[in-house]
Structure formats: C-alpha cells, structure tokens
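Engineer: Next comes entry32.txt, compact mmCIF, C-alpha atoms:
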```txt
# COMPACT_ATOMS: atom_id res chain seq x y z
CA MET Z 239 0.00 0.00 0.00
CA SER Z 240 1.39 3.38 -0.98
CA HIS Z 241 1.26 6.22 1.54
CA ILE Z 242 1.83 9.08 -0.86
CA GLU Z 243 -0.82 10.61 -3.08
CA PRO Z 244 0.70 11.39 -6.48
CA LYS Z 245 -0.30 14.64 -8.15
CA LYS Z 246 0.33 13.56 -11.71
CA ILE Z 247 -0.11 10.35 -13.67
CA ASP Z 248 3.60 9.94 -14.56
CA GLU Z 249 4.38 10.17 -10.87
CA ALA Z 250 1.75 7.51 -10.11
CA LEU Z 251 3.00 5.17 -12.82
CA ARG Z 252 6.36 4.89 -11.08
CA ASP Z 253 4.70 3.14 -8.14
CA VAL Z 254 3.38 -0.38 -8.57
CA ASP Z 255 0.51 0.13 -6.12
CA TRP Z 256 -0.75 3.12 -8.03
CA VAL Z 257 -0.32 1.35 -11.38
CA ASN Z 258 -2.62 -1.33 -10.03
CA ALA Z 259 -5.11 1.28 -8.82
CA VAL Z 260 -5.17 2.96 -12.23
CA HIS Z 261 -5.76 -0.34 -13.99
CA GLU Z 262 -8.51 -1.19 -11.56
CA GLU Z 263 -10.34 2.00 -12.49
CA LEU Z 264 -9.90 1.42 -16.22
CA ASN Z 265 -11.08 -2.18 -15.89
CA ASN Z 266 -14.12 -0.90 -14.05
CA PHE Z 267 -14.92 1.35 -16.98
CA LYS Z 268 -14.54 -1.56 -19.35
CA ARG Z 269 -16.65 -3.90 -17.27
CA ASN Z 270 -19.44 -1.39 -16.82
CA GLN Z 271 -19.29 -0.26 -20.44
CA VAL Z 272 -18.88 3.31 -19.36
CA TRP Z 273 -17.57 4.51 -22.72
CA GLU Z 274 -16.49 3.61 -26.26
CA LEU Z 275 -13.63 4.91 -28.41
CA VAL Z 276 -14.91 6.88 -31.39
CA GLU Z 277 -13.62 9.36 -33.93
CA ASN Z 278 -13.35 12.95 -32.75
CA PRO Z 279 -16.68 14.62 -33.50
CA SER Z 280 -16.16 18.00 -35.11
CA ASP Z 281 -19.47 19.37 -33.89
CA HIS Z 282 -19.04 18.56 -30.23
CA ASN Z 283 -17.08 19.89 -27.33
CA VAL Z 284 -14.64 17.31 -25.97
CA ILE Z 285 -14.16 17.38 -22.22
CA ARG Z 286 -10.75 16.81 -20.72
CA THR Z 287 -10.14 14.08 -18.17
CA ARG Z 288 -7.84 14.01 -15.21
CA TRP Z 289 -6.62 11.41 -12.76
CA VAL Z 290 -7.26 11.92 -9.08
CA PHE Z 291 -5.27 9.84 -6.62
CA GLN Z 292 -6.55 9.40 -3.14
CA ASN Z 293 -5.66 7.21 -0.21
CA LYS Z 294 -8.71 5.85 1.54
CA GLN Z 295 -8.35 5.67 5.29
CA ASP Z 296 -10.31 3.95 7.98
CA GLN Z 297 -11.53 5.77 11.06
CA ASP Z 298 -8.10 5.56 12.69
CA GLY Z 299 -6.41 7.13 9.70
CA ILE Z 300 -4.75 3.93 8.49
CA VAL Z 301 -4.42 3.79 4.69
CA VAL Z 302 -6.58 0.90 3.54
CA ARG Z 303 -6.78 1.57 -0.17
CA ASN Z 304 -5.07 3.45 -3.00
CA LYS Z 305 -7.89 4.74 -5.14
CA ALA Z 306 -7.31 6.15 -8.61
CA ARG Z 307 -10.29 7.85 -10.14
CA LEU Z 308 -10.62 9.23 -13.62
CA VAL Z 309 -12.76 12.35 -13.55
CA ALA Z 310 -14.15 14.52 -16.29
CA GLN Z 311 -13.23 18.17 -16.06
CA GLY Z 312 -16.84 19.14 -16.18
CA TYR Z 313 -16.12 22.82 -15.76
CA THR Z 314 -14.99 22.93 -19.39
CA GLN Z 315 -18.58 22.07 -20.21
CA VAL Z 316 -19.94 25.55 -19.57
CA GLU Z 317 -21.06 26.42 -23.10
CA GLY Z 318 -24.76 27.06 -23.10
CA LEU Z 319 -25.19 25.60 -19.66
CA ASP Z 320 -26.59 27.46 -16.73
CA LEU Z 321 -24.09 26.67 -14.03
CA GLY Z 322 -26.37 27.81 -11.21
CA GLU Z 323 -28.69 24.97 -12.06
CA THR Z 324 -26.19 22.19 -12.35
CA TYR Z 325 -24.89 21.81 -8.84
CA ALA Z 326 -26.15 19.23 -6.44
CA LEU Z 327 -27.82 20.63 -3.40
CA VAL Z 328 -26.11 20.08 -0.11
CA ALA Z 329 -27.51 20.38 3.35
CA ARG Z 330 -26.24 23.10 5.62
CA PHE Z 331 -24.16 22.00 8.50
CA GLU Z 332 -26.59 23.61 10.93
CA ALA Z 333 -29.45 21.63 9.44
CA ILE Z 334 -27.62 18.40 10.09
CA ARG Z 335 -26.88 19.42 13.67
CA ILE Z 336 -30.52 20.31 14.22
CA LEU Z 337 -31.53 16.90 12.93
CA LEU Z 338 -29.07 15.28 15.32
CA ALA Z 339 -30.40 17.30 18.22
CA TYR Z 340 -33.98 16.52 17.26
CA ALA Z 341 -33.23 12.81 17.08
CA CYS Z 342 -31.51 12.98 20.43
CA ALA Z 343 -34.34 14.86 22.12
CA HIS Z 344 -36.99 12.49 20.77
CA ASN Z 345 -34.82 9.47 21.44
CA ILE Z 346 -34.96 8.19 17.89
CA LYS Z 347 -32.34 6.31 15.99
CA LEU Z 348 -30.71 7.74 12.89
CA TYR Z 349 -29.85 5.67 9.85
CA GLN Z 350 -27.70 6.35 6.86
CA MET Z 351 -27.93 5.17 3.32
CA ASP Z 352 -25.18 4.58 0.81
CA VAL Z 353 -26.13 5.12 -2.79
CA LYS Z 354 -22.73 5.52 -4.40
CA SER Z 355 -23.21 2.70 -6.85
CA ALA Z 356 -26.56 4.16 -7.84
CA LEU Z 357 -24.86 7.42 -8.66
CA ILE Z 358 -22.31 6.09 -11.13
CA ASN Z 359 -24.61 3.53 -12.63
CA GLY Z 360 -26.85 6.15 -14.16
CA TYR Z 361 -27.04 6.52 -17.91
CA ILE Z 362 -26.75 10.01 -19.32
CA ASN Z 363 -29.05 11.33 -21.99
CA GLU Z 364 -26.85 13.97 -23.55
CA GLU Z 365 -24.08 13.30 -26.04
CA VAL Z 366 -20.87 13.70 -24.08
CA TYR Z 367 -17.32 13.13 -25.28
CA VAL Z 368 -14.16 13.04 -23.21
CA GLU Z 369 -10.49 12.92 -24.15
CA GLN Z 370 -8.49 9.75 -23.69
CA PRO Z 371 -7.14 9.49 -20.16
CA PRO Z 372 -3.66 10.99 -19.64
CA GLY Z 373 -1.05 8.25 -19.83
CA PHE Z 374 -3.40 5.82 -21.55
CA GLU Z 375 -3.82 7.17 -25.05
CA ASP Z 376 -4.38 4.57 -27.76
CA ASP Z 377 -1.20 4.30 -29.92
CA LYS Z 378 -3.11 3.60 -33.10
CA LYS Z 379 -5.94 6.06 -32.55
CA PRO Z 380 -4.38 8.93 -30.60
CA ASN Z 381 -6.92 11.43 -31.87
CA HIS Z 382 -9.97 9.38 -31.04
CA VAL Z 383 -12.12 10.35 -28.09
CA TYR Z 384 -14.41 8.44 -25.77
CA LYS Z 385 -18.13 8.74 -26.09
CA VAL Z 386 -19.56 8.49 -22.60
CA ARG Z 387 -22.58 6.29 -21.98
CA LYS Z 388 -22.70 6.46 -18.23
CA ALA Z 389 -22.22 9.31 -15.83
CA LEU Z 390 -18.59 10.00 -15.05
CA TYR Z 391 -17.46 11.75 -11.93
CA GLY Z 392 -17.13 15.44 -12.63
CA LEU Z 393 -19.71 15.82 -15.33
CA GLU Z 394 -22.01 18.72 -14.64
CA GLN Z 395 -25.17 16.76 -15.28
CA GLU Z 396 -24.24 13.96 -12.96
CA PRO Z 397 -25.04 15.21 -9.44
CA ARG Z 398 -28.08 17.14 -10.52
CA ALA Z 399 -29.50 14.19 -12.45
CA TRP Z 400 -29.11 12.15 -9.32
CA TYR Z 401 -30.73 14.73 -7.05
CA GLU Z 402 -33.71 15.03 -9.37
CA ARG Z 403 -34.15 11.31 -9.62
CA PHE Z 404 -34.01 10.89 -5.88
CA THR Z 405 -36.43 13.72 -5.09
CA ASP Z 406 -38.84 12.42 -7.71
CA ILE Z 407 -38.98 9.12 -5.87
CA LEU Z 408 -39.49 10.86 -2.52
CA LEU Z 409 -42.23 13.16 -3.78
CA SER Z 410 -44.04 10.27 -5.44
CA LYS Z 411 -44.04 8.49 -2.07
CA GLY Z 412 -45.75 11.38 -0.36
CA PHE Z 413 -42.75 13.14 1.11
CA LYS Z 414 -42.80 16.91 1.44
CA MET Z 415 -39.78 18.97 0.45
CA GLY Z 416 -38.66 21.61 2.93
CA LYS Z 417 -39.68 25.12 1.84
CA VAL Z 418 -36.49 26.72 3.07
CA ASP Z 419 -34.12 23.78 3.09
CA THR Z 420 -34.81 21.79 -0.06
CA THR Z 421 -32.56 18.96 1.03
CA LEU Z 422 -34.84 18.20 3.96
CA PHE Z 423 -37.79 15.91 3.39
CA THR Z 424 -40.52 15.00 5.81
CA LYS Z 425 -43.51 12.75 5.89
CA LYS Z 426 -46.25 12.38 8.49
CA ILE Z 427 -47.78 8.98 8.90
CA GLY Z 428 -50.52 9.15 11.51
CA LYS Z 429 -48.84 10.39 14.66
CA ASP Z 430 -45.40 9.42 13.45
CA LEU Z 431 -42.89 11.57 11.65
CA PHE Z 432 -40.22 10.62 9.15
CA VAL Z 433 -37.35 13.01 8.38
CA LEU Z 434 -34.65 12.72 5.76
CA GLN Z 435 -31.68 14.88 4.85
CA ILE Z 436 -29.69 14.70 1.61
CA TYR Z 437 -26.04 15.61 1.19
CA VAL Z 438 -25.28 14.77 -2.47
CA ASP Z 439 -25.14 10.98 -2.28
CA ASP Z 440 -25.11 10.77 1.49
CA ILE Z 441 -28.49 10.37 3.06
CA ILE Z 442 -29.53 10.24 6.68
CA PHE Z 443 -32.99 9.60 7.99
CA ALA Z 444 -34.94 8.85 11.12
CA SER Z 445 -38.46 8.18 12.22
CA THR Z 446 -40.40 8.15 15.44
CA ASN Z 447 -41.51 4.70 14.31
CA GLN Z 448 -38.58 2.40 13.60
CA ASP Z 449 -40.59 0.16 11.28
CA PHE Z 450 -40.82 3.02 8.81
CA CYS Z 451 -37.04 3.19 8.57
CA GLU Z 452 -36.81 -0.43 7.56
CA GLU Z 453 -39.70 -0.09 5.16
CA PHE Z 454 -38.11 2.98 3.63
CA GLY Z 455 -34.81 1.20 3.13
CA ASN Z 456 -36.46 -1.65 1.28
CA MET Z 457 -38.54 0.70 -0.81
CA MET Z 458 -35.48 2.73 -1.87
CA ALA Z 459 -33.39 -0.33 -2.66
CA ASN Z 460 -36.22 -1.47 -4.90
CA GLU Z 461 -36.70 1.85 -6.64
CA LEU Z 462 -33.03 2.35 -7.35
CA ARG Z 463 -32.39 -1.17 -8.56
CA CYS Z 464 -34.92 -0.99 -11.35
CA GLN Z 465 -33.62 1.96 -13.27
CA MET E 76 -27.38 -0.18 1.63
CA ILE E 77 -28.74 0.95 4.99
CA GLY E 78 -26.95 1.08 8.28
CA LYS E 79 -26.75 2.79 11.62
CA LEU E 80 -25.47 6.34 11.31
CA SER E 81 -21.76 6.50 12.06
CA TYR E 82 -20.05 8.93 9.74
CA PHE E 83 -21.70 11.74 7.82
CA VAL E 84 -20.00 14.65 6.04
CA GLY E 85 -17.04 14.84 8.37
CA LEU E 86 -18.99 14.14 11.51
CA GLN E 87 -18.48 10.97 13.48
CA ILE E 88 -21.73 10.24 15.21
CA LYS E 89 -22.50 7.77 17.94
CA GLN E 90 -26.00 7.39 19.29
CA LEU E 91 -26.13 5.77 22.69
CA GLU E 92 -28.93 5.18 25.18
CA ASN E 93 -27.98 8.20 27.27
CA GLY E 94 -27.19 10.65 24.51
CA THR E 95 -25.68 11.39 21.14
CA PHE E 96 -22.00 11.97 20.62
CA VAL E 97 -20.65 14.01 17.77
CA SER E 98 -16.94 14.26 17.06
CA GLN E 99 -14.68 15.30 14.24
CA GLY E 100 -11.60 13.27 15.08
CA LYS E 101 -11.13 11.90 11.58
CA TYR E 102 -11.70 15.32 10.03
CA ILE E 103 -9.13 16.93 12.32
CA LYS E 104 -6.58 14.22 11.52
CA ASP E 105 -7.13 14.78 7.81
CA MET E 106 -6.71 18.53 8.29
CA LEU E 107 -3.45 18.12 10.21
CA LYS E 108 -2.17 15.83 7.50
CA LYS E 109 -3.22 18.26 4.78
CA PHE E 110 -1.17 21.03 6.33
CA GLY E 111 1.73 18.78 7.22
CA MET E 112 1.28 19.14 10.96
CA ASP E 113 0.34 15.57 11.78
CA ASP E 114 3.53 14.98 13.69
CA ALA E 115 3.77 18.39 15.29
```
Translate the structure described by the file into structure tokens.
Structural biologist:
Amino acid sequence: MSHIEPKKIDEALRDVDWVNAVHEELNNFKRNQVWELVENPSDHNVIRTRWVFQNKQDQDGIVVRNKARLVAQGYTQVEGLDLGETYALVARFEAIRILLAYACAHNIKLYQMDVKSALINGYINEEVYVEQPPGFEDDKKPNHVYKVRKALYGLEQEPRAWYERFTDILLSKGFKMGKVDTTLFTKKIGKDLFVLQIYVDDIIFASTNQDFCEEFGNMMANELRCQ
Amino acid sequence: MIGKLSYFVGLQIKQLENGTFVSQGKYIKDMLKKFGMDDA
C-alpha cells in the first residue's frame, strides 16, 4: 500500500501500487461499459479528463486503499449551460446538527444510506465526449475520443441528475420537500414523523416509528435497482 | 445499503442510550495531514 498521493499520472505510474489502482479504475470502466472509443466529432465539445489519486483511510487514519479515479473536467462544459442549475444541493451543517439534536431529544435512531453505486450507474441522456485518459492514449488512434454512456465523476449533469431522480422518488411516495431547506424531506404517517436529509449521495434519515425506517430502506433499494 | 449512522460529512456520530456523541476526530486528523502538521 502506498502512503503518498501522487499529483500527476507519470508520478503515479512509477509506483506499482498506483499502477494497479489505475488499472482497476480502467477495468471498471470496461466492465461497466462506461464509454467507447470513437472518432473525434467536429461538432461537439470534448471534455478533458484528469486522474485523481486518493488514499482511503479507515476511522483511525490507516491507509486501507489506493484509489485512482478518472474524472471529467466538467467545468470545461460551460457552453450554453446554466451553471447555477447544475450543482447538487447540499444540506447546511446547521441543518444536520438540528436533525441530530432533534433525534436525540426524541430518542430516535438515525440511519444512513449509501447510494454511491446508484450514482455512477446512471445513464446520461446527452451526447458527451471526453479525451483519452492521460497516460493511456491509444497508440493507433491517438486522436480518437471516448463517447460516454454512463455518468462520469465530474460531469455537470451527474449530481443534478441524481438529485432530481431521488427527489422524484421521494415526492411520489408522499414526502414533502422543505420550503427553506430543499434537502430536507418529511412525511407524516398518523402520529409518526419521518425526516430525511440529503447531502449529495449521502443520506440520513430517522423516524419516530422504527418500522418506517426499515420499510423505507427496502422501498429505496427497490426503486433504485430498477432503473 | 442501509446502516446505523456512524459517519456523515465529516462528523463521526454515535447514538447511545444516554445521549448522542458528535466528534470530528477523523476530520481533524485529515486537516493536520493536509497542512503537514500531523507529527507536530
């Protein structure tokens, strides 16, 4: 396991652990059919890609994984896009603390939900092209680009598409969106209350009736699986 | 996909019978590392 986080790909490729991490990411792309190599389209903007190297640590700060991630430089996507509309909404820190205090005062248990796989498994509707990853250009087709079929980290449409999808599910299940804080969702079921807070792909929720939490988990797993 | 709340946006959270504990130990460690002060 490497303990340094390289800044550039050539730096990473000198370390066997990072070489493995980079290949793992590229194999992932292949396995999930994230993209295909095509000729450079003259009528489309091609987005640059960049490697990000990060050491994953456990709670005690021990490095448990060298993670290489290829991200799209989505900020080069600005043309014709309203940037104000493309960001994912995040909860305010205060809102999270209030939720914690509320849960504590009412003696209810908080749960969290991990939807990371759901986030990258989403197909994108728009035509998006990205450059070949630095350090891994095809010798024979150096000018080809990748046409992206699935959401890549960094694309502008990715977090927003996710947020919309998630809120659509919530609203269809009778949840109410907070008027001030639109990342807070509530639902009243009889005398019981269910609250949920979104922070991009991190979700926490609680209910005065624990059965609802379990039910909710199953419902969400179902909804997200059949996309 | 669902579990007890333990870590959420930089907050380590532990809910016990007699109260809720919130700490940022991991966040602080990351910060110290970021600024090269982890062995200061």
Engineer: Report as a ChimeraX atom specification the set of chain E residues whose atoms approach chain Z to within 6 Å, with distances computed over all atoms listed in the file.
Structural biologist: /E:76-80
Engineer: Excluding Glu369 of chain Z and residues on its chain fewer than 2 positions from it, collect all residues at most 10 Å away from it, counting all atoms listed in the file, and give them as an NGL selection string.
Structural biologist: :Z and (275 or 278 or 284-288 or 310 or 367 or 371-372 or 375 or 380-385)
Engineer: Name the closest residue to Asn460 of chain Z among the candidates Z:Val309, Z:Ile407, Z:Val301, Z:Ala333; distances are taken between atoms, counting only C-alpha atoms.
Structural biologist: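 Of Z:Val309, Z:Ile407, Z:Val301, Z:Ala333, the one nearest Asn460 of chain Z, counting only C-alpha atoms, is Z:Ile407.
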Engineer: State, in Å with one decimal place, the distance from atom CA of Asn93 of chain E to atom CA of Lys425 of chain Z.
Structural biologist: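 Between atom CA of Asn93 of chain E and atom CA of Lys425 of chain Z the gap works out to 26.8 Å.
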Engineer: Just the number, please: distance in Å from atom CA of Val257 of chain Z to atom CA of Ile242 of chain Z, one decimal.
Structural biologist: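 A separation of 13.2 Å between them.
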Engineer: Given all atoms listed in the file as the basis, pick out the residue of Z:Ala250, Z:Met239, Z:Leu434, Z:Leu337 nearest to Thr95 of chain E.
Structural biologist: Z:Leu337
Engineer: Extract, using all atoms listed in the file, all DNA, RNA and protein residues at most 9 Å from Lys414 of chain Z, discarding same-chain residues fewer than 5 positions from it, and format them as JSON, numbers by chain.
Structural biologist: {"Z": [408, 409, 422, 423, 424, 425]}
Engineer: Looking at only C-alpha atoms, which of Z:Arg387, Z:Lys246, Z:Arg330, Z:Ser445 is the one that sits closest to Asp430 of chain Z?
Structural biologist: Z:Ser445
Engineer: Hey, can you check how far atom CA of Ile362 of chain Z sits from atom CA of Gly312 of chain Z?
Structural biologist: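 So the two atoms, atom CA of Ile362 of chain Z and atom CA of Gly312 of chain Z, lie 13.8 Å apart.
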Engineer: Within 8 Å of Val97 of chain E, counting all atoms listed in the file, which residues show up once you throw out same-chain ones fewer than 6 positions away? Write them as a list in words, please.
Structural biologist: Leu86, Gln87, Ile88 and Lys89 of chain E
Engineer: Fewer than 5 positions away in the same chain doesn't count, so skip those; otherwise give me all residues within 9 Å of Val260 of chain Z, counting all atoms listed in the file, as a list in words.
Structural biologist: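 Contacts, with the query itself left out: Ala250, Leu251, Asp255, Asn265, Trp289, Phe291, Lys305, Ala306, Arg307 and Leu308 of chain Z.
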Engineer: Would you mind listing what lies within 6 Å of segment 100-109 of chain E as a PyMOL selection string, with all atoms listed in the file counted and same-chain residues fewer than 3 positions away left out?
Structural biologist: chain E and resi 85+112-113
Engineer: Please determine, counting only C-alpha atoms, which residue among Z:Val366, Z:Ala259, Z:Val302, Z:Ile336 has the shortest atom-to-atom distance to Pro279 of chain Z.
Structural biologist: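 Nearest candidate to Pro279 of chain Z out of Z:Val366, Z:Ala259, Z:Val302, Z:Ile336: Z:Val366.
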Engineer: Tell me which of Z:Lys388, Z:Arg269, Z:His241, Z:Arg252 sits closest to Arg303 of chain Z, counting only C-alpha atoms.
Structural biologist: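 Checking each of Z:Lys388, Z:Arg269, Z:His241, Z:Arg252 against Arg303 of chain Z, counting only C-alpha atoms, the winner is Z:His241.
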Engineer: Would you give the centre and edge lengths, in Å to one decimal, of a box along x, y and z around the listed atoms of segment 82-88 of chain E, with 3 Å added to each side, as lines of an AutoDock Vina configuration file?
Structural biologist:
```
center_x = -19.4
center_y = 11.9
center_z = 10.6
size_x = 10.7
size_y = 11.9
size_z = 15.2
```
